[in-house]
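Novice: This is the structure I have questions about; it appears just below.
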Amino acid sequence: MKKFLSLLTALMLVLSLAACSGTSSQTTQTSQESAGEEEASSPFAGKTVSVMTPYMASVTTNQMVGYLENDLTAQGAEVSVIDTANDFAELASRIEDVTASGTDAIVLVSADPTQLENQLREAMDAGIPVFGVDSGFIDGMQVNATSDNHQMGELIAGYLFDDLMGGEGTVITLTHRPHPGVVKRCEAFDELIAANDKLTLITEQHVPAEQPINDAQDIVQNLLLANPDKGSITAILCGWDEPAIGATQACQEAGRDEIIIVGVDGNEQAVSLIQEGTNLKATVAQNFQGMVDIVVEQMGKLFAGETIETGEMYAEATLITADNAADFIK
Amino acid sequence: MLLQTEHVSKEFNGIYALRDIDFQLDAGDIHGLVGENGAGKSTLIKLLTGVYQLREGRLLWNGEPVTISNPADSRALGIRVIHQDRTLIPTFNGIENCYLGLEYPTRLGRVDWAAMERRVWQTMEDLGIDLDLKKTAAELSPPQRTELEIVRAMMTDCRLLILDEPTASLTDQEAGRLFRLLRDLRQKGTSILCVTHRLDEIFLLTDRVTVLRNGRLVDTVPTASVTREQLIAKMTEQAAVEPVCRRETFGPVLLEVKDMASRDGRVKQGSLALHSGEILGLFGLGGSGRTELLECIFGYRALSAGTVLLDGKERPGLTPEEAIRSGMVLISEDRRGKAMIGNLSVRDNILLSSIDTFSRRGVLRTKAGNGAAEEQIESLHIKLASPNQRMLELSGGNQQKAVFARALMTAPRIFLCDEPTQAVDVATRSDIHHLLRRKADEGAGVLYVSSDLKELLEVADNILVMARGRTTVCWKNRDLTARQVLACCYENQEKEAQP
Amino acid sequence: MNRSAPKKILQTYGTVLALAVIVLAFSLIRPDKFCTLTNFINITRQISLLVMISLGTTLVMSVNEFDLSVGSMASLGGVMAALLAVKGLPMAVCFLLPAAVSFCIGLLNGWIVARFRVLSFITTLGMSTVLSGVIYLLSGGATVFEGIPKSFSFLGTTKLGRVPLLSILMVVFVVLFWFLLEHTTLGRKFYAIGGNEETAKIAGIRVRKYKTIAFALCAVMACVTGMLIASRVGSANTTAGDGYFLQSYAAVFIGCTVSRKGIPNAAGTLVGAAILGILANGLTILQMPSYMQNIITGGIIILAVIAQRAGHGDAA
């Protein structure tokens, strides 16, 4: 009976793992085998890497996790992906779990490490290297590969203020400051707005993360009513692309095609709206593949026994406008 | 003079529940309070216990004016109340229930259970009560629960003990024990105010009695100076109630139950036959399984054995829904818990079982339903402000009439009545008796459970005795005495206990 | 008499009064912006989704149970509809198939609760977790966007004249649910079960059956809401419904205070959702920062409930 039970538990575990890693689990296995045969010397062989994020529902986070999974398994590592659906406390517990199970490396994706410091400390004390992709950096971590969010904020806000608005006008910002990346962009927005006397901030509105498009639609619809005259709002500056999409839909519905909207991330729905010539004029594509490349490279060095320099490393971002939007659509 | 009220009135939304009451209660008395439902007894008690706040008139306690603005004030004076709906917490054991509202003693920062148990034992010993304190309130029988409530009341200095229908679910024998206990308390200096519908108890127990009618105090007299008829005359404007007549000949068998046993073992072997035109009294002491037997027949409680035959046809796996469709109704003993929905209107309650007949493809025919409900309200003389009034705002007797109204809506031929006159005033009680007799005369059969043996002897054509989960003898109710029935009950109980 | 009259009014109409005060306040502060037909039409559209999901919750609460899986059911509904649309199935199938699936999930919820007499709180909490897993399984955790045809957005974005289809759907559902609860035997039985399950059973009402129906209808409403969210924004976020879960209970609870009996009801739910929606709308129009909006909205919910309790007076 006991045997049967443990067998059943194991089976359940395997099944749930398979379910979690979705369709990619099969490719994982085959690629692992071939990798094992061909280059047994790969520093990743036999290593387990835990990829952890609370924001898997976000398109971009999902993309990064996908790249990580592909690249790491191609190198021969075993990858387990853990998503906690917006729940940081849950993520903290999961970190404790993988630490206890002795994983070889933890990669945080889009998760602020300062909120998880205690658990990460434990992992690092246990000798588990902690990497970040688009996350943040705390002492003791190896590398956080990210776009320089501050720079991205400057890039898009600068483009909006100088090129699209001609240096003056009124702006609404849609933000989500609990997010480690978005908050840096917002800080860049703040600085640029403060530095320019001819810019007026009408209001900053926080957009919740569960359904940002829908919520941004409602918020912008209400703000349009509060500022009903054409030209009373020059632009809407969004911390990431989803609220920008919602804002665009609201402006289209209200027939306010004079309002300029920009976002950050290079999300596909946003890029196609840019291409269609709607209110949404520009976004900044983060180089997610570039970030993942950095982390995989540094991890490889570490596994091979080399010492690496710790700290933030940046992958360069690209501005997307109507001119080059087509290149970013699959 | 322990307690005195002067010109006390209480109104709700412009309607006076009490008007100009001058009530006096002497120290060391057992004082009875009687009146029909809605006469104002509950309101008076709630004023004394701080549930309602007094706004007109004043209260004197030992001759000093006092204000009771909340239950804590009332407790501080030494007033304790035992309600008709018992206020024990079902999942707490005896000790925990006794300590409700009292500070738990602690030792080294931890609750000192031993000290608590000692104190409860001490109180029980003083009162001469023997209870298993480890049992939760839910596991105790109704008389045991009443005793536990008394223990709780006596844990601290109690000057005035108020009992609201204390014997509602007790048999005569159990009530007798309670009365001895109350007389002992009086001996020890506790005054007692006892509210009851059972007039016999007034004569057995009380020294003085106060009669309320329509919110006014009619009279306070020494109990020895009045007769039962005089008392009823004071309570009601009409003269004494008319007794119901009994029958000797019956129609065919409507309901037959053979060797029924419930899954939880409360009913071990129940058999009976109910005829058209018959009121069959079912008598049993507390815990004999009488309520459970009715619930089993009705399909509400799970069976482990036995058959139910309706009109001679076997009906295995009967559900309450099918039972009602086959012409059966159950008037449950637990009115608040199983017979009414307090938060819904009286009309909704009356239409509960028959709602489907007042609809077309699931849509209510409001007018037809309302009309039918109002017809019942009128024919049963239910007193209410409007059919939209919530059920729990009615007095006990009128609630019970509304429960009967709901039952009558499905035109039943078999009535399963469990304590149908519990906590109901004299006039309503008589109304219910006559109603059931009339239904029986029209061809229905009535299975009538009561723990009040005198009531059964008054209304039943035949009397069936139940003890320890088994039905035993069935007598014709002719020249039958209470002593005979009780003797049989105890005989069977002992027989069961021996092997 | 004089003392009790205002109390009675407060008790019966306290919540509606609160709504009126809120509307009046916004109208006085920003008459040009808030008090316009366009804005009122906007408000109806903005509360429409919350109202629809809350109507389902109202049913489950009318039988005195809870369904904590409405949020993830809504998310699942949106994801299923979007995925079907991506597959290129006819729109009718895209919207009806998820509704049918949700009906079955609701039946399962109800069956478990009624058959095994377990706490609905725990059962549906478990179901909510299961559903989040299913969403992940179906979508891989990512927002479904790529390949959704334009016609998918029809229900969520169409307007009849100036009035959005969503607002009309909301009115239709409110009337439907009001009729269901007040004027059908089904509704009367729900209330009977919610009032006292044991009495209802003895009165011959099939408690299990009707509880299961309540759960099933609730799940369908959650699914419909989720599909409409997806249709409106043109993509299906895997957590889109989660934000509605607590709000819908807030709406129903505020709605209970509208009824003198304190029971869940369709009109009350509309009032509850309207209070939440109008606060969000008005405060944004005042360009109040989001944190202030949270403080004010939360405070008003608490005040509304207190006001209603206070109306009960000393009979409490």
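Following the order of the structure tokens, chains are lettered A, B, ..., residues in each are numbered from 1, and ligands are numbered from 1.
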At most 7 Å is the cut-off: for each residue in chain C with any atom that close to an atom of chain B, write down the nearest atom pair and the distance in Å rounded to one decimal, counting only C-alpha atoms, chain first then increasing number, as a Markdown table.
Specialist:
```
| residue | atom | partner | partner_atom | distance |
| --- | --- | --- | --- | --- |
| C:Met1 | CA | B:Gly14 | CA | 5.2 |
| C:Ser4 | CA | B:Asn13 | CA | 6.3 |
| C:His183 | CA | B:Leu364 | CA | 5.2 |
| C:Thr184 | CA | B:Val363 | CA | 4.2 |
| C:Thr185 | CA | B:Gly362 | CA | 5.4 |
| C:Leu186 | CA | B:Gly362 | CA | 6.9 |
| C:Ala192 | CA | B:Ile341 | CA | 6.9 |
| C:Gly195 | CA | B:Ile341 | CA | 5.5 |
| C:Asn196 | CA | B:Ile341 | CA | 5.5 |
| C:Glu198 | CA | B:Lys338 | CA | 5.1 |
| C:Thr199 | CA | B:Lys338 | CA | 4.2 |
| C:Lys201 | CA | B:Pro320 | CA | 6.8 |
| C:Ile202 | CA | B:Pro320 | CA | 5.9 |
| C:Ala203 | CA | B:Ser353 | CA | 5.0 |
| C:Gly204 | CA | B:Glu321 | CA | 3.9 |
| C:Ile205 | CA | B:Glu321 | CA | 6.3 |
| C:Arg206 | CA | B:Glu321 | CA | 6.9 |
| C:Lys261 | CA | B:Asn343 | CA | 6.4 |
| C:Asp314 | CA | B:Tyr52 | CA | 6.7 |
```
Novice: Could you please select, counting only C-alpha atoms, the residues of chain C within 9 Å of chain A and state them as a VMD selection string?
Specialist: chain C and resid 30 32 to 34 38 to 39 42 to 43 46 132 to 133 136 to 146 157 229 to 230 232 to 235 237 to 243 280 to 282 284 to 291
Novice: Just asking: which residues within segment 66-300 of chain C are strand (DSSP E) according to DSSP, as a list in words?
Specialist: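 DSSP-assigned strand (DSSP E) residues in segment 66-300 of chain C: Lys159, Leu160, Val163 and Pro164 of chain C.
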Novice: Grab the atom CA of Asp22 of chain B to atom CA of Thr5 of chain B distance for me, in Å with one decimal place.
Specialist: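 Atom-to-atom, atom CA of Asp22 of chain B to atom CA of Thr5 of chain B, that is 5.1 Å.
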Novice: As an exercise, work out the distance from atom CA of Met124 of chain A to atom CA of Thr84 of chain A in Å and give it to one decimal place.
Specialist: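 Calculated distance between atom CA of Met124 of chain A and atom CA of Thr84 of chain A is 21.2 Å.
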Novice: Excluding Arg45 of chain C and any residue of its chain fewer than 2 positions from it, enumerate the residues within 8 Å of it, using only C-alpha atoms, and give them as a tab-separated table (two decimals) with N, CA and C atoms, in the first residue's frame.
Specialist:
```tsv
chain	number	residue	atom	x	y	z
C	41	ILE	N	-23.76	57.67	-19.27
C	41	ILE	CA	-23.68	56.50	-20.15
C	41	ILE	C	-22.36	55.75	-19.91
C	42	ASN	N	-21.29	56.51	-19.76
C	42	ASN	CA	-19.99	55.90	-19.46
C	42	ASN	C	-20.04	55.06	-18.19
C	43	ILE	N	-20.67	55.66	-17.15
C	43	ILE	CA	-20.73	54.93	-15.88
C	43	ILE	C	-21.44	53.60	-16.07
C	47	ILE	N	-19.65	50.07	-15.07
C	47	ILE	CA	-20.08	49.15	-14.00
C	47	ILE	C	-20.70	47.88	-14.57
C	48	SER	N	-20.94	47.85	-15.90
C	48	SER	CA	-21.71	46.74	-16.45
C	48	SER	C	-21.09	45.38	-16.14
C	49	LEU	N	-19.76	45.27	-16.27
C	49	LEU	CA	-19.12	43.97	-16.07
C	49	LEU	C	-19.20	43.56	-14.59
C	164	PRO	N	-23.54	51.92	-25.21
C	164	PRO	CA	-22.79	50.69	-25.46
C	164	PRO	C	-23.67	49.46	-25.26
C	166	LEU	N	-22.81	46.80	-23.92
C	166	LEU	CA	-22.58	46.28	-22.57
C	166	LEU	C	-23.57	46.85	-21.57
C	167	SER	N	-23.87	48.15	-21.69
C	167	SER	CA	-24.82	48.77	-20.77
C	167	SER	C	-26.20	48.15	-20.94
```
Novice: At a cut-off of 7 Å, using only C-alpha atoms, what residues contact Met73 of chain C? Leave out same-chain residues fewer than 3 positions from it and give the result as number ranges by chain.
Specialist: C: 69-70, 76-77, 131, 219, 222-223
Novice: Any chance you could export the current selection's N, CA and C atoms as a PDB file, in the first residue's frame?
Specialist:
```
ATOM      1  N   SER C  69     -14.852  31.069  -6.472  1.00  0.00           N
ATOM      2  CA  SER C  69     -14.167  30.794  -7.729  1.00  0.00           C
ATOM      3  C   SER C  69     -14.639  31.705  -8.859  1.00  0.00           C
ATOM      4  N   VAL C  70     -15.481  32.713  -8.552  1.00  0.00           N
ATOM      5  CA  VAL C  70     -16.003  33.554  -9.633  1.00  0.00           C
ATOM      6  C   VAL C  70     -14.890  34.290 -10.381  1.00  0.00           C
ATOM      7  N   LEU C  76     -11.011  32.351 -16.751  1.00  0.00           N
ATOM      8  CA  LEU C  76     -11.053  31.162 -17.609  1.00  0.00           C
ATOM      9  C   LEU C  76     -12.002  31.384 -18.781  1.00  0.00           C
ATOM     10  N   GLY C  77     -13.153  31.996 -18.499  1.00  0.00           N
ATOM     11  CA  GLY C  77     -14.127  32.259 -19.563  1.00  0.00           C
ATOM     12  C   GLY C  77     -13.498  33.077 -20.679  1.00  0.00           C
ATOM     13  N   LEU C 131      -9.015  26.047 -11.259  1.00  0.00           N
ATOM     14  CA  LEU C 131      -9.275  26.807 -12.481  1.00  0.00           C
ATOM     15  C   LEU C 131      -8.050  27.623 -12.899  1.00  0.00           C
ATOM     16  N   ALA C 219     -21.705  30.457 -11.952  1.00  0.00           N
ATOM     17  CA  ALA C 219     -20.514  30.207 -12.762  1.00  0.00           C
ATOM     18  C   ALA C 219     -20.722  30.734 -14.183  1.00  0.00           C
ATOM     19  N   ALA C 222     -20.244  34.436 -14.230  1.00  0.00           N
ATOM     20  CA  ALA C 222     -18.824  34.775 -14.129  1.00  0.00           C
ATOM     21  C   ALA C 222     -18.156  34.585 -15.487  1.00  0.00           C
ATOM     22  N   CYS C 223     -18.486  33.487 -16.141  1.00  0.00           N
ATOM     23  CA  CYS C 223     -17.896  33.184 -17.438  1.00  0.00           C
ATOM     24  C   CYS C 223     -18.299  34.245 -18.470  1.00  0.00           C
TER      25      CYS C 223
END
```
Novice: May I ask for the distance between atom CA of Thr249 of chain B and atom CA of Leu457 of chain B, given in Å to one decimal place?
Specialist: 17.3 Å
Novice: So which bits of segment 8-222 of chain C end up helix (DSSP H, G or I) when you DSSP the backbone, as a PyMOL selection string?
Specialist: chain C and resi 8-29+37-62+70-86+91-116+120-139+150-157+165-183+185-195+197-202+207-222
Novice: Might you pull out every residue within 9 Å of Ala427 of chain B, with only C-alpha atoms counted and same-chain residues fewer than 5 positions away left off, and present them as a ChimeraX atom specification?
Specialist: /B:36,236,241,397,432
Novice: Write out the residues from the selection above, keeping all heavy atoms, as a compact mmCIF listing (two decimals), in the first residue's frame.
Specialist:
```
# COMPACT_ATOMS: atom_id res chain seq x y z
N GLU B 36 -51.99 35.63 27.08
CA GLU B 36 -51.94 35.06 25.76
C GLU B 36 -50.70 35.55 25.03
O GLU B 36 -50.02 36.46 25.49
CB GLU B 36 -53.17 35.49 24.96
CG GLU B 36 -54.45 34.91 25.46
CD GLU B 36 -55.55 35.07 24.42
OE1 GLU B 36 -56.21 36.11 24.47
OE2 GLU B 36 -55.69 34.17 23.58
N THR B 236 -58.35 35.82 28.86
CA THR B 236 -59.07 35.97 27.60
C THR B 236 -60.38 36.66 27.91
O THR B 236 -60.89 36.56 29.02
CB THR B 236 -59.39 34.60 26.98
OG1 THR B 236 -60.08 33.85 27.96
CG2 THR B 236 -58.15 33.89 26.55
N VAL B 241 -62.32 27.41 27.44
CA VAL B 241 -62.30 26.79 26.11
C VAL B 241 -63.17 25.55 26.08
O VAL B 241 -63.36 24.87 27.08
CB VAL B 241 -60.86 26.43 25.71
CG1 VAL B 241 -60.04 27.68 25.51
CG2 VAL B 241 -60.23 25.50 26.73
N GLY B 397 -47.72 32.02 19.17
CA GLY B 397 -48.95 31.35 18.76
C GLY B 397 -49.29 31.64 17.31
O GLY B 397 -49.71 30.74 16.57
N ILE B 432 -55.94 24.99 17.69
CA ILE B 432 -55.21 23.93 17.00
C ILE B 432 -55.89 22.58 17.24
O ILE B 432 -56.07 21.78 16.32
CB ILE B 432 -53.73 23.92 17.46
CG1 ILE B 432 -53.03 25.16 16.91
CG2 ILE B 432 -53.02 22.65 16.99
CD1 ILE B 432 -51.61 25.36 17.39
```
Novice: Need the shell around segment 474-482 of chain B: protein/DNA/RNA residues with any atom at most 7 Å away, counting only C-alpha atoms. Skip same-chain ones fewer than 4 positions apart. Format as a PDB file with C-alpha atoms, in the first residue's frame?
Specialist:
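Below is the file selection_24.pdb, written as the result:
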```pdb
ATOM      1  CA  LEU B 453     -49.846  13.713  28.858  1.00  0.00           C
ATOM      2  CA  LEU B 457     -55.647  12.421  27.091  1.00  0.00           C
ATOM      3  CA  ALA B 460     -56.305  11.730  21.259  1.00  0.00           C
ATOM      4  CA  ASP B 461     -58.628   8.886  20.273  1.00  0.00           C
ATOM      5  CA  ASN B 462     -55.917   6.311  20.816  1.00  0.00           C
ATOM      6  CA  ILE B 463     -52.632   6.584  22.644  1.00  0.00           C
ATOM      7  CA  LEU B 464     -49.433   4.866  21.606  1.00  0.00           C
ATOM      8  CA  VAL B 465     -46.498   4.756  23.991  1.00  0.00           C
ATOM      9  CA  LEU B 486     -46.694   6.660  32.771  1.00  0.00           C
TER      10      LEU B 486
END
```
Novice: Please provide as number ranges by chain all residues within 10 Å of segment 149-165 of chain A, with the sequence filter that same-chain residues fewer than 4 positions apart are discarded (counting only C-alpha atoms).
Specialist: A: 134, 169-171, 180-193, 196, 198-199, 234-240, 260-265, 281-286, 314, 316-320
